[in-house]
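Printed here is entry02.tsv (TSV, C-alpha atoms):
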chain	number	residue	atom	x	y	z
A	1	MET	CA	0.00	0.00	0.00
A	2	ARG	CA	2.91	2.25	0.88
A	3	ILE	CA	4.43	1.68	-2.57
A	4	SER	CA	1.12	2.44	-4.21
A	5	VAL	CA	0.84	5.79	-2.41
A	6	LYS	CA	4.40	6.70	-3.41
A	7	LYS	CA	3.74	5.69	-7.00
A	8	THR	CA	0.56	7.71	-7.08
A	9	ILE	CA	2.38	10.76	-5.74
A	10	MET	CA	5.20	10.33	-8.27
A	11	MET	CA	2.75	10.00	-11.13
A	12	SER	CA	0.74	12.99	-9.92
A	13	GLY	CA	4.01	14.92	-9.83
A	14	ALA	CA	4.82	13.87	-13.39
A	15	ALA	CA	1.34	14.85	-14.61
A	16	PHE	CA	1.68	18.12	-12.76
A	17	ALA	CA	5.07	18.81	-14.37
A	18	CYS	CA	3.48	18.13	-17.79
A	19	CYS	CA	0.80	20.70	-17.01
A	20	LEU	CA	3.56	23.16	-16.11
A	21	PHE	CA	5.19	22.39	-19.47
A	22	ALA	CA	1.92	23.22	-21.18
A	23	ALA	CA	1.61	26.55	-19.38
A	24	GLU	CA	3.21	29.35	-21.34
A	25	HIS	CA	1.60	32.39	-19.81
A	26	ALA	CA	1.23	33.24	-16.19
A	27	ALA	CA	-2.35	33.85	-15.16
A	28	ALA	CA	-3.09	35.14	-11.74
A	29	MET	CA	-4.82	37.53	-9.44
A	30	HIS	CA	-1.42	39.06	-8.56
A	31	ILE	CA	-1.50	42.81	-9.00
A	32	ALA	CA	1.27	43.85	-11.39
A	33	ASP	CA	3.68	46.78	-10.95
A	34	GLY	CA	2.21	50.11	-11.96
A	35	ILE	CA	-1.45	49.27	-11.36
A	36	LEU	CA	-1.68	50.64	-7.82
A	37	PRO	CA	-0.77	54.25	-7.04
A	38	PHE	CA	2.46	54.59	-5.02
A	39	SER	CA	0.68	55.85	-1.89
A	40	TRP	CA	-1.59	52.79	-1.77
A	41	ALA	CA	1.34	50.44	-2.45
A	42	VAL	CA	3.09	51.92	0.62
A	43	VAL	CA	-0.06	51.52	2.76
A	44	TRP	CA	-0.36	47.82	1.88
A	45	TYR	CA	3.35	47.29	2.65
A	46	ALA	CA	2.93	49.02	6.01
A	47	ILE	CA	0.02	46.74	6.93
A	48	ALA	CA	1.73	43.55	5.70
A	49	ILE	CA	5.17	44.04	7.33
A	50	PRO	CA	4.10	43.44	10.98
A	51	PHE	CA	2.43	40.15	9.97
A	52	ILE	CA	5.62	39.06	8.18
A	53	ALA	CA	7.73	39.88	11.25
A	54	LEU	CA	5.35	38.03	13.59
A	55	GLY	CA	5.27	35.05	11.21
A	56	LEU	CA	9.07	34.81	11.06
A	57	GLY	CA	9.28	34.97	14.87
A	58	ARG	CA	6.68	32.22	15.26
A	59	MET	CA	8.46	30.05	12.68
A	60	GLN	CA	11.79	30.34	14.51
A	61	LYS	CA	10.14	29.47	17.81
A	62	LEU	CA	8.37	26.41	16.43
A	63	ALA	CA	11.47	25.20	14.54
A	64	ALA	CA	13.51	25.39	17.76
A	65	GLU	CA	10.90	23.29	19.59
A	66	ASP	CA	10.40	20.61	16.94
A	67	LEU	CA	12.76	19.42	14.20
A	68	ALA	CA	9.85	18.19	12.04
A	69	VAL	CA	8.66	21.77	11.52
A	70	LYS	CA	11.44	22.59	9.02
A	71	PRO	CA	10.58	19.88	6.45
A	72	LEU	CA	6.88	20.66	6.97
A	73	VAL	CA	7.51	24.35	6.20
A	74	GLY	CA	9.63	23.30	3.17
A	75	LEU	CA	6.84	21.05	1.88
A	76	ILE	CA	4.14	23.67	2.38
A	77	ALA	CA	6.26	26.50	0.90
A	78	ALA	CA	6.88	24.41	-2.24
A	79	ILE	CA	3.16	23.56	-2.48
A	80	VAL	CA	2.15	27.23	-2.09
A	81	PHE	CA	4.72	28.34	-4.68
A	82	ILE	CA	3.61	25.78	-7.26
A	83	ILE	CA	-0.13	26.14	-6.64
A	84	SER	CA	-0.08	29.94	-6.71
A	85	CYS	CA	1.59	30.10	-10.13
A	86	MET	CA	-0.43	27.32	-11.73
A	87	PRO	CA	-2.95	28.68	-14.23
A	88	VAL	CA	-6.10	26.57	-14.21
A	89	PRO	CA	-8.40	27.00	-17.24
A	90	VAL	CA	-12.04	27.52	-16.29
A	91	PRO	CA	-13.81	26.06	-19.36
A	92	PHE	CA	-17.21	27.80	-19.27
A	93	VAL	CA	-15.65	31.21	-18.54
A	94	GLY	CA	-12.77	31.00	-21.00
A	95	THR	CA	-10.18	32.48	-18.65
A	96	CYS	CA	-7.41	31.04	-16.51
A	97	SER	CA	-6.95	31.64	-12.83
A	98	HIS	CA	-5.04	30.04	-10.01
A	99	PRO	CA	-5.65	28.72	-6.51
A	100	CYS	CA	-3.65	30.29	-3.64
A	101	GLY	CA	-2.40	27.41	-1.48
A	102	THR	CA	-2.37	29.54	1.66
A	103	GLY	CA	-5.32	27.55	3.01
A	104	ILE	CA	-3.09	24.48	3.33
A	105	ALA	CA	-0.30	26.56	4.88
A	106	ALA	CA	-2.59	28.22	7.43
A	107	VAL	CA	-4.22	24.98	8.55
A	108	LEU	CA	-0.97	23.02	8.90
A	109	LEU	CA	1.42	25.73	10.12
A	110	GLY	CA	-0.88	28.38	11.56
A	111	PRO	CA	-1.91	31.67	9.92
A	112	LEU	CA	1.16	33.62	11.05
A	113	ILE	CA	3.71	31.22	9.54
A	114	ALA	CA	1.63	31.11	6.34
A	115	VAL	CA	2.45	34.81	5.81
A	116	PRO	CA	6.26	34.45	5.29
A	117	VAL	CA	5.55	31.33	3.22
A	118	ALA	CA	3.35	33.46	0.93
A	119	VAL	CA	6.02	36.18	0.84
A	120	ALA	CA	8.65	33.69	-0.39
A	121	ALA	CA	6.31	32.40	-3.12
A	122	LEU	CA	5.19	35.86	-4.24
A	123	LEU	CA	8.71	37.32	-4.21
A	124	LEU	CA	10.08	34.54	-6.43
A	125	GLN	CA	7.12	34.91	-8.78
A	126	ALA	CA	7.52	38.70	-8.97
A	127	LEU	CA	11.25	38.43	-9.69
A	128	PHE	CA	11.43	35.53	-12.11
A	129	LEU	CA	7.97	34.72	-13.47
A	130	ALA	CA	6.61	38.21	-14.24
A	131	HIS	CA	3.83	37.38	-11.79
A	132	GLY	CA	2.82	40.34	-9.64
A	133	GLY	CA	5.43	42.97	-8.90
A	134	LEU	CA	7.85	44.34	-6.33
A	135	SER	CA	5.97	47.59	-5.66
A	136	THR	CA	2.71	45.65	-5.27
A	137	LEU	CA	4.24	42.86	-3.18
A	138	GLY	CA	2.75	44.33	0.01
A	139	ALA	CA	-0.75	44.34	-1.51
A	140	ASN	CA	-0.37	40.79	-2.83
A	141	VAL	CA	1.02	39.53	0.50
A	142	LEU	CA	-1.86	41.18	2.34
A	143	ALA	CA	-4.43	39.55	0.05
A	144	MET	CA	-2.94	36.08	-0.34
A	145	GLY	CA	-0.79	35.76	2.78
A	146	VAL	CA	-2.71	37.63	5.46
A	147	ALA	CA	-6.40	37.65	4.41
A	148	GLY	CA	-6.25	34.19	2.78
A	149	SER	CA	-4.43	32.60	5.73
A	150	PHE	CA	-6.51	34.10	8.52
A	151	ALA	CA	-9.82	33.45	6.72
A	152	SER	CA	-8.90	29.82	6.06
A	153	TYR	CA	-7.66	29.27	9.62
A	154	GLY	CA	-10.86	30.82	11.00
A	155	ALA	CA	-13.02	28.67	8.72
A	156	PHE	CA	-11.08	25.53	9.67
A	157	ARG	CA	-11.35	26.18	13.41
A	158	ALA	CA	-15.05	27.10	13.14
A	159	ALA	CA	-15.80	23.94	11.16
A	160	ARG	CA	-13.89	21.79	13.66
A	161	ARG	CA	-15.68	23.43	16.58
A	162	ILE	CA	-19.08	22.44	15.20
A	163	GLY	CA	-17.85	18.86	14.85
A	164	SER	CA	-16.93	18.65	11.16
A	165	SER	CA	-14.50	15.98	10.03
A	166	LEU	CA	-10.94	16.89	9.08
A	167	GLY	CA	-11.76	16.64	5.36
A	168	VAL	CA	-14.82	18.91	5.55
A	169	ALA	CA	-12.97	21.46	7.70
A	170	GLY	CA	-10.03	21.36	5.24
A	171	PHE	CA	-12.43	21.98	2.36
A	172	CYS	CA	-13.96	25.00	4.15
A	173	ALA	CA	-10.43	26.33	4.82
A	174	GLY	CA	-9.39	26.10	1.17
A	175	LEU	CA	-12.61	27.69	-0.02
A	176	ALA	CA	-12.29	30.54	2.48
A	177	ALA	CA	-8.62	31.13	1.57
A	178	ASP	CA	-9.40	31.47	-2.12
A	179	TRP	CA	-12.46	33.67	-1.80
A	180	ALA	CA	-10.93	35.89	0.92
A	181	THR	CA	-7.84	36.43	-1.24
A	182	TYR	CA	-9.88	37.57	-4.22
A	183	LEU	CA	-12.20	39.72	-2.10
A	184	THR	CA	-9.18	41.48	-0.59
A	185	THR	CA	-7.60	41.94	-4.02
A	186	SER	CA	-10.89	43.46	-5.21
A	187	ALA	CA	-10.93	45.86	-2.25
A	188	GLU	CA	-7.28	46.85	-2.83
A	189	LEU	CA	-7.95	47.49	-6.50
A	190	ALA	CA	-11.16	49.42	-5.80
A	191	LEU	CA	-9.42	51.62	-3.20
A	192	GLY	CA	-6.42	52.25	-5.42
A	193	LEU	CA	-8.26	52.80	-8.69
A	194	GLN	CA	-11.41	54.62	-7.65
A	195	GLY	CA	-11.55	57.98	-9.32
A	196	ALA	CA	-14.91	59.60	-9.80
A	197	GLU	CA	-16.53	56.22	-9.28
A	198	SER	CA	-17.53	55.24	-5.75
A	199	PHE	CA	-15.61	52.51	-3.92
A	200	ARG	CA	-18.73	50.38	-3.58
A	201	SER	CA	-19.62	50.31	-7.27
A	202	LEU	CA	-16.02	49.64	-8.39
A	203	PHE	CA	-15.58	46.95	-5.73
A	204	GLY	CA	-18.84	45.33	-6.87
A	205	ALA	CA	-17.74	45.43	-10.51
A	206	ILE	CA	-14.38	43.79	-9.72
A	207	VAL	CA	-15.97	41.10	-7.53
A	208	LEU	CA	-18.49	40.34	-10.29
A	209	ALA	CA	-15.66	40.06	-12.82
A	210	PHE	CA	-13.74	37.62	-10.57
A	211	LEU	CA	-16.83	35.62	-9.60
A	212	PRO	CA	-17.24	33.23	-12.59
A	213	SER	CA	-13.66	31.96	-12.39
A	214	GLN	CA	-13.21	32.05	-8.61
A	215	LEU	CA	-16.41	30.24	-7.66
A	216	PRO	CA	-15.26	26.95	-9.22
A	217	LEU	CA	-11.60	27.55	-8.34
A	218	GLY	CA	-12.52	28.06	-4.68
A	219	ILE	CA	-14.17	24.64	-4.73
A	220	LEU	CA	-11.07	23.14	-6.38
A	221	GLU	CA	-8.86	24.74	-3.73
A	222	GLY	CA	-11.14	23.40	-1.00
A	223	ALA	CA	-10.80	19.88	-2.39
A	224	MET	CA	-7.00	20.21	-2.64
A	225	THR	CA	-6.71	21.49	0.93
A	226	ALA	CA	-8.92	18.68	2.25
A	227	GLY	CA	-6.81	16.11	0.34
A	228	VAL	CA	-3.48	17.35	1.73
A	229	VAL	CA	-4.77	17.61	5.32
A	230	VAL	CA	-6.34	14.16	5.26
A	231	MET	CA	-3.24	12.62	3.65
A	232	LEU	CA	-0.94	14.10	6.30
A	233	SER	CA	-3.32	13.00	9.06
A	234	ARG	CA	-2.89	9.41	7.84
A	235	LYS	CA	0.87	9.63	7.37
A	236	ARG	CA	1.86	11.78	10.36
A	237	PRO	CA	-1.01	11.97	12.86
A	238	ASP	CA	1.55	12.72	15.59
A	239	LEU	CA	2.58	15.90	13.81
A	240	LEU	CA	-0.99	17.11	13.37
A	241	LEU	CA	-1.65	16.27	17.01
A	242	LYS	CA	1.32	18.44	18.02
A	243	MET	CA	0.10	21.31	15.85
A	244	GLY	CA	-3.35	21.09	17.49
A	245	ILE	CA	-5.09	20.07	14.25
A	246	LEU	CA	-6.11	16.59	15.43
A	247	LYS	CA	-7.62	15.66	18.76
A	248	THR	CA	-6.11	12.80	20.78
A	249	GLY	CA	-9.07	10.47	20.17
A	250	GLU	CA	-9.02	11.08	16.42
A	251	ALA	CA	-5.28	10.39	16.15
A	252	LYS	CA	-5.71	7.00	17.82
A	253	ALA	CA	-8.65	6.10	15.57
B	1	MET	CA	2.08	-24.54	1.43
B	2	LYS	CA	1.40	-21.74	3.83
B	3	ASN	CA	4.26	-19.73	2.31
B	4	GLN	CA	2.90	-20.28	-1.19
B	5	LYS	CA	-0.50	-19.01	-0.07
B	6	SER	CA	0.99	-15.89	1.48
B	7	GLU	CA	3.07	-15.29	-1.67
B	8	ALA	CA	-0.04	-15.56	-3.81
B	9	GLY	CA	-1.77	-13.16	-1.44
B	10	SER	CA	1.04	-10.64	-1.76
B	11	ARG	CA	1.04	-11.02	-5.55
B	12	LYS	CA	-2.63	-10.13	-5.87
B	13	PRO	CA	-2.40	-6.56	-4.61
B	14	LYS	CA	0.73	-6.04	-6.74
B	15	ARG	CA	-1.21	-6.95	-9.88
B	16	LYS	CA	-4.07	-4.73	-8.76
B	17	GLU	CA	-1.60	-1.90	-8.13
B	18	LYS	CA	-0.13	-2.35	-11.63
B	19	ILE	CA	-3.58	-2.24	-13.24
B	20	LEU	CA	-4.55	0.83	-11.22
B	21	SER	CA	-1.23	2.52	-12.07
B	22	GLY	CA	-1.80	1.77	-15.76
B	23	ILE	CA	-5.31	3.24	-15.66
B	24	PHE	CA	-3.97	6.29	-13.82
B	25	ILE	CA	-1.21	6.87	-16.41
B	26	ILE	CA	-3.67	6.51	-19.32
B	27	ALA	CA	-6.11	8.89	-17.61
B	28	CYS	CA	-3.28	11.42	-17.10
B	29	VAL	CA	-2.17	11.21	-20.73
B	30	ILE	CA	-5.78	11.62	-21.96
B	31	ALA	CA	-6.34	14.55	-19.56
B	32	ILE	CA	-3.12	16.30	-20.65
B	33	ALA	CA	-3.87	15.70	-24.35
B	34	GLY	CA	-7.43	16.98	-23.80
B	35	ILE	CA	-6.23	20.08	-21.98
B	36	ASN	CA	-3.66	20.77	-24.72
B	37	ALA	CA	-6.27	20.32	-27.48
B	38	VAL	CA	-8.77	22.61	-25.74
B	39	THR	CA	-6.04	25.14	-24.92
B	40	SER	CA	-4.63	25.31	-28.46
B	41	ALA	CA	-8.14	25.62	-29.94
B	42	ALA	CA	-8.96	28.37	-27.46
B	43	GLU	CA	-5.66	30.17	-28.11
B	44	LYS	CA	-6.71	30.59	-31.74
B	45	GLU	CA	-9.89	32.26	-30.51
B	46	GLY	CA	-7.86	34.44	-28.12
B	47	ARG	CA	-9.31	32.84	-25.01
B	48	TRP	CA	-7.77	31.54	-21.78
B	49	GLU	CA	-6.36	34.87	-20.73
B	50	GLY	CA	-5.44	34.99	-17.08
B	51	VAL	CA	-7.70	36.96	-14.74
B	52	ASP	CA	-4.75	39.34	-14.25
B	53	LYS	CA	-5.23	40.49	-17.82
B	54	ALA	CA	-8.95	39.78	-18.23
B	55	VAL	CA	-9.98	41.46	-14.96
B	56	VAL	CA	-7.19	43.32	-13.12
B	57	GLU	CA	-5.48	44.98	-16.09
B	58	ARG	CA	-8.75	45.63	-17.94
B	59	ILE	CA	-10.30	47.43	-14.95
B	60	ALA	CA	-7.05	49.31	-14.26
B	61	LYS	CA	-7.01	50.46	-17.90
B	62	GLU	CA	-10.61	51.62	-17.63
B	63	GLN	CA	-9.60	53.67	-14.59
B	64	GLY	CA	-6.62	55.19	-16.41
B	65	ARG	CA	-3.76	53.07	-15.06
B	66	GLU	CA	-1.64	50.47	-16.81
B	67	ALA	CA	0.71	47.75	-15.65
B	68	SER	CA	4.37	48.61	-16.12
B	69	ALA	CA	6.89	46.18	-17.59
B	70	PRO	CA	8.18	43.60	-15.10
B	71	LEU	CA	11.64	44.05	-13.59
B	72	ILE	CA	12.93	41.04	-15.48
B	73	ASN	CA	11.03	40.71	-18.74
B	74	THR	CA	10.56	36.99	-19.17
B	75	GLU	CA	8.13	37.18	-22.07
B	76	GLN	CA	10.89	36.80	-24.66
B	77	GLY	CA	10.95	33.66	-26.74
B	78	ASP	CA	10.97	30.51	-24.64
B	79	LEU	CA	12.35	32.21	-21.52
B	80	MET	CA	9.00	32.03	-19.70
B	81	LEU	CA	8.66	28.35	-20.56
B	82	PHE	CA	12.18	27.70	-19.25
B	83	LEU	CA	11.53	29.58	-16.02
B	84	PHE	CA	8.19	27.86	-15.42
B	85	LEU	CA	9.79	24.49	-15.99
B	86	THR	CA	12.69	25.31	-13.67
B	87	ALA	CA	10.29	26.61	-11.02
B	88	GLY	CA	8.11	23.50	-11.36
B	89	ALA	CA	11.08	21.16	-11.15
B	90	ALA	CA	12.64	22.97	-8.17
B	91	GLY	CA	9.31	23.24	-6.35
B	92	GLY	CA	8.50	19.60	-7.08
B	93	PHE	CA	11.92	18.47	-5.82
B	94	ILE	CA	11.63	20.46	-2.59
B	95	ALA	CA	8.06	19.24	-2.01
B	96	GLY	CA	9.03	15.60	-2.67
B	97	TYR	CA	12.19	15.75	-0.55
B	98	SER	CA	10.37	17.39	2.37
B	99	TYR	CA	7.48	14.91	2.10
B	100	ARG	CA	9.94	12.02	2.20
B	101	MET	CA	11.70	13.50	5.24
B	102	LEU	CA	8.37	13.92	6.97
B	103	THR	CA	6.83	10.54	6.25
B	104	GLU	CA	9.70	8.07	5.96
B	105	ARG	CA	9.89	5.81	8.95
B	106	THR	CA	13.34	5.84	10.54
B	107	ALA	CA	14.57	2.36	11.39
B	108	ALA	CA	14.94	1.45	15.03
B	109	PRO	CA	18.58	0.81	16.20
B	110	GLU	CA	17.99	-2.98	16.42
B	111	GLU	CA	16.59	-3.02	12.87
B	112	ARG	CA	19.63	-1.12	11.58
B	113	THR	CA	22.07	-3.62	13.08
B	114	ALA	CA	20.08	-6.68	11.89
As structure tokens, please, write out the structure in this file.
Amino acid sequence: MRISVKKTIMMSGAAFACCLFAAEHAAAMHIADGILPFSWAVVWYAIAIPFIALGLGRMQKLAAEDLAVKPLVGLIAAIVFIISCMPVPVPFVGTCSHPCGTGIAAVLLGPLIAVPVAVAALLLQALFLAHGGLSTLGANVLAMGVAGSFASYGAFRAARRIGSSLGVAGFCAGLAADWATYLTTSAELALGLQGAESFRSLFGAIVLAFLPSQLPLGILEGAMTAGVVVMLSRKRPDLLLKMGILKTGEAKA
Amino acid sequence: MKNQKSEAGSRKPKRKEKILSGIFIIACVIAIAGINAVTSAAEKEGRWEGVDKAVVERIAKEQGREASAPLINTEQGDLMLFLFLTAGAAGGFIAGYSYRMLTERTAAPEERTA
């Protein structure tokens, strides 16, 4: 059975690499350089920086307590990087968009550590993949790293509190991460771009434009998050127990 | 006799695994070919733009702002393809290596000496 799981993962990886081969153009919610006015770009940086600092501090503390945290952060960072630059075609809309991956990071590592993980992914994408930008990094980190992580963590905890299974709670977390990211991006764009138009009408127009692609992609992200959380709970229940994701009774079962 | 039975028992799941693996590979190939066919047909129609262009840049343009050129312009020839492949390979390696570190069972000292 162990071999079969490894084989499946290897084959999924190969299929995934083929999809990356097929992708020629980046397609994302990332706000590119030049779109936001300088003053708004500075505001989003100022809000994002404290979360990054707190996340780095929390990561160092956890890594000092448990050696398994480092490979877990490595695994999640790689997943977030790959997922957040993977354009997924939405057939009935005719556009491509991408999931965020911060839902997985927030559930498994906590929302604060998910912020520096998102920074690493977004910085590499801005520098080498023409995905997002350096001046808009603060805005993108706030949307994907902060809003996405905290919304997914909140959804996960709320679902667990009302007695949902790990899979259902993981699904809610992924869905919340995706939708919160795009709602925040819409708000950032509406605030930065509103001229004579009111914030509310511009925000509504942007949300409506995102809606057809992000509704199905949110569901896809929910399914991916549930899959990763359930898989890790089978492979390393001890780790999830330590991170407070599983309860003692569930780990034994 | 007992050993033969247990061997036959262990063979069964292996055959099942091989069949399942074969079906999975065929499904992957069909899915990738399907995606490529749909994508290339749509490219001719000018579809499959990313939401960055279809939504973010369109709305920014309507409001009088445009995206500036990226710091490193990767949209030259096959450079973007190369970078995406490198990023996918590096990310896949790190994910796989970390997953292996996390899930591989370390042998107990007595098992190591045996």
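Proximity to Gln214 (chain A) at 10 Å, evaluated using all atoms listed in the file and with sequence-adjacent residues fewer than 5 positions away removed, yields Val90, Cys96, Ser97, His98, Pro99, Leu175, Asp178, Trp179, Tyr182, Val207, Leu208, Ala209, Ile219, Leu220 and Glu221 of chain A; Val51 of chain B.
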Could those residues be written to a file, using C-alpha atoms, as an mmCIF file, in the coordinates of the input?
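The resulting again10.cif:
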data_model
loop_
_atom_site.group_PDB
_atom_site.id
_atom_site.type_symbol
_atom_site.label_atom_id
_atom_site.label_comp_id
_atom_site.auth_asym_id
_atom_site.auth_seq_id
_atom_site.Cartn_x
_atom_site.Cartn_y
_atom_site.Cartn_z
ATOM 1 C CA VAL A 90 -12.040 27.520 -16.290
ATOM 2 C CA CYS A 96 -7.410 31.040 -16.510
ATOM 3 C CA SER A 97 -6.950 31.640 -12.830
ATOM 4 C CA HIS A 98 -5.040 30.040 -10.010
ATOM 5 C CA PRO A 99 -5.650 28.720 -6.510
ATOM 6 C CA LEU A 175 -12.610 27.690 -0.020
ATOM 7 C CA ASP A 178 -9.400 31.470 -2.120
ATOM 8 C CA TRP A 179 -12.460 33.670 -1.800
ATOM 9 C CA TYR A 182 -9.880 37.570 -4.220
ATOM 10 C CA VAL A 207 -15.970 41.100 -7.530
ATOM 11 C CA LEU A 208 -18.490 40.340 -10.290
ATOM 12 C CA ALA A 209 -15.660 40.060 -12.820
ATOM 13 C CA ILE A 219 -14.170 24.640 -4.730
ATOM 14 C CA LEU A 220 -11.070 23.140 -6.380
ATOM 15 C CA GLU A 221 -8.860 24.740 -3.730
ATOM 16 C CA VAL B 51 -7.700 36.960 -14.740
#
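Take CA of Lys242 (chain A) and CA of Arg58 (chain A): the distance between them is 15.0 Å.
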CA of Glu75 (chain B) to CA of Met144 (chain A), distance in Å rounded to a single decimal: 24.4 Å
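Relative to CA of Thr103 (chain B), CA of Arg236 (chain A) is found at 6.6 Å.
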Ser201 (chain A) surroundings by all atoms listed in the file, 12 Å radius, close-in-sequence under 6 positions cut, as a list in words: Ser186, Ala187, Ala190, Leu191, Leu193, Gln194, Gly195, Val207 and Leu208 of chain A
Check: which chain B residues lie within 6 Å of chain A using all atoms listed in the file, as a PyMOL selection string: chain B and resi 47-52+65-68+70+81+91+95+98
Residues from the last selection, C-alpha atoms, saved as a short mmCIF file (atom, residue, chain, number, x, y, z; two decimals), in the coordinates of the input:
data_model
loop_
_atom_site.label_atom_id
_atom_site.label_comp_id
_atom_site.auth_asym_id
_atom_site.auth_seq_id
_atom_site.Cartn_x
_atom_site.Cartn_y
_atom_site.Cartn_z
CA ARG B 47 -9.31 32.84 -25.01
CA TRP B 48 -7.77 31.54 -21.78
CA GLU B 49 -6.36 34.87 -20.73
CA GLY B 50 -5.44 34.99 -17.08
CA VAL B 51 -7.70 36.96 -14.74
CA ASP B 52 -4.75 39.34 -14.25
CA ARG B 65 -3.76 53.07 -15.06
CA GLU B 66 -1.64 50.47 -16.81
CA ALA B 67 0.71 47.75 -15.65
CA SER B 68 4.37 48.61 -16.12
CA PRO B 70 8.18 43.60 -15.10
CA LEU B 81 8.66 28.35 -20.56
CA GLY B 91 9.31 23.24 -6.35
CA ALA B 95 8.06 19.24 -2.01
CA SER B 98 10.37 17.39 2.37
#
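Counting only C-alpha atoms and comparing A:Met243, A:Ser198, A:Ala155, A:Leu67, the residue that lies closest to Gln63 (chain B) is A:Ser198.
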Spatial neighbours of Ala177 (chain A), max dist 12 Å, only C-alpha atoms, sep filter under 3 positions, as a ChimeraX atom specification: /A:84,99-107,111,114,143-156,170-174,180-184,214,217-222,224-225
Filled-in N, CA and C atoms of region 229-242 of chain A, supplied as a compact mmCIF listing (two decimals), keeping the file's coordinate frame:
# COMPACT_ATOMS: atom_id res chain seq x y z
N VAL A 229 -4.61 17.74 3.86
CA VAL A 229 -4.77 17.61 5.32
C VAL A 229 -5.08 16.16 5.70
N VAL A 230 -5.98 15.54 4.94
CA VAL A 230 -6.34 14.16 5.26
C VAL A 230 -5.15 13.21 5.03
N MET A 231 -4.40 13.46 3.94
CA MET A 231 -3.24 12.62 3.65
C MET A 231 -2.19 12.71 4.77
N LEU A 232 -1.92 13.94 5.22
CA LEU A 232 -0.94 14.10 6.30
C LEU A 232 -1.45 13.51 7.61
N SER A 233 -2.77 13.56 7.81
CA SER A 233 -3.32 13.00 9.06
C SER A 233 -3.16 11.47 9.07
N ARG A 234 -3.10 10.87 7.89
CA ARG A 234 -2.89 9.41 7.84
C ARG A 234 -1.42 9.06 7.96
N LYS A 235 -0.57 9.92 7.38
CA LYS A 235 0.87 9.63 7.37
C LYS A 235 1.55 10.05 8.67
N ARG A 236 1.21 11.26 9.16
CA ARG A 236 1.86 11.78 10.36
C ARG A 236 0.83 12.35 11.34
N PRO A 237 -0.01 11.46 11.91
CA PRO A 237 -1.01 11.97 12.86
C PRO A 237 -0.36 12.64 14.06
N ASP A 238 0.85 12.14 14.44
CA ASP A 238 1.55 12.72 15.59
C ASP A 238 1.86 14.19 15.38
N LEU A 239 2.23 14.51 14.14
CA LEU A 239 2.58 15.90 13.81
C LEU A 239 1.34 16.80 13.89
N LEU A 240 0.24 16.31 13.35
CA LEU A 240 -0.99 17.11 13.37
C LEU A 240 -1.51 17.25 14.80
N LEU A 241 -1.25 16.24 15.60
CA LEU A 241 -1.65 16.27 17.01
C LEU A 241 -0.87 17.39 17.73
N LYS A 242 0.44 17.43 17.41
CA LYS A 242 1.32 18.44 18.02
C LYS A 242 0.91 19.85 17.61
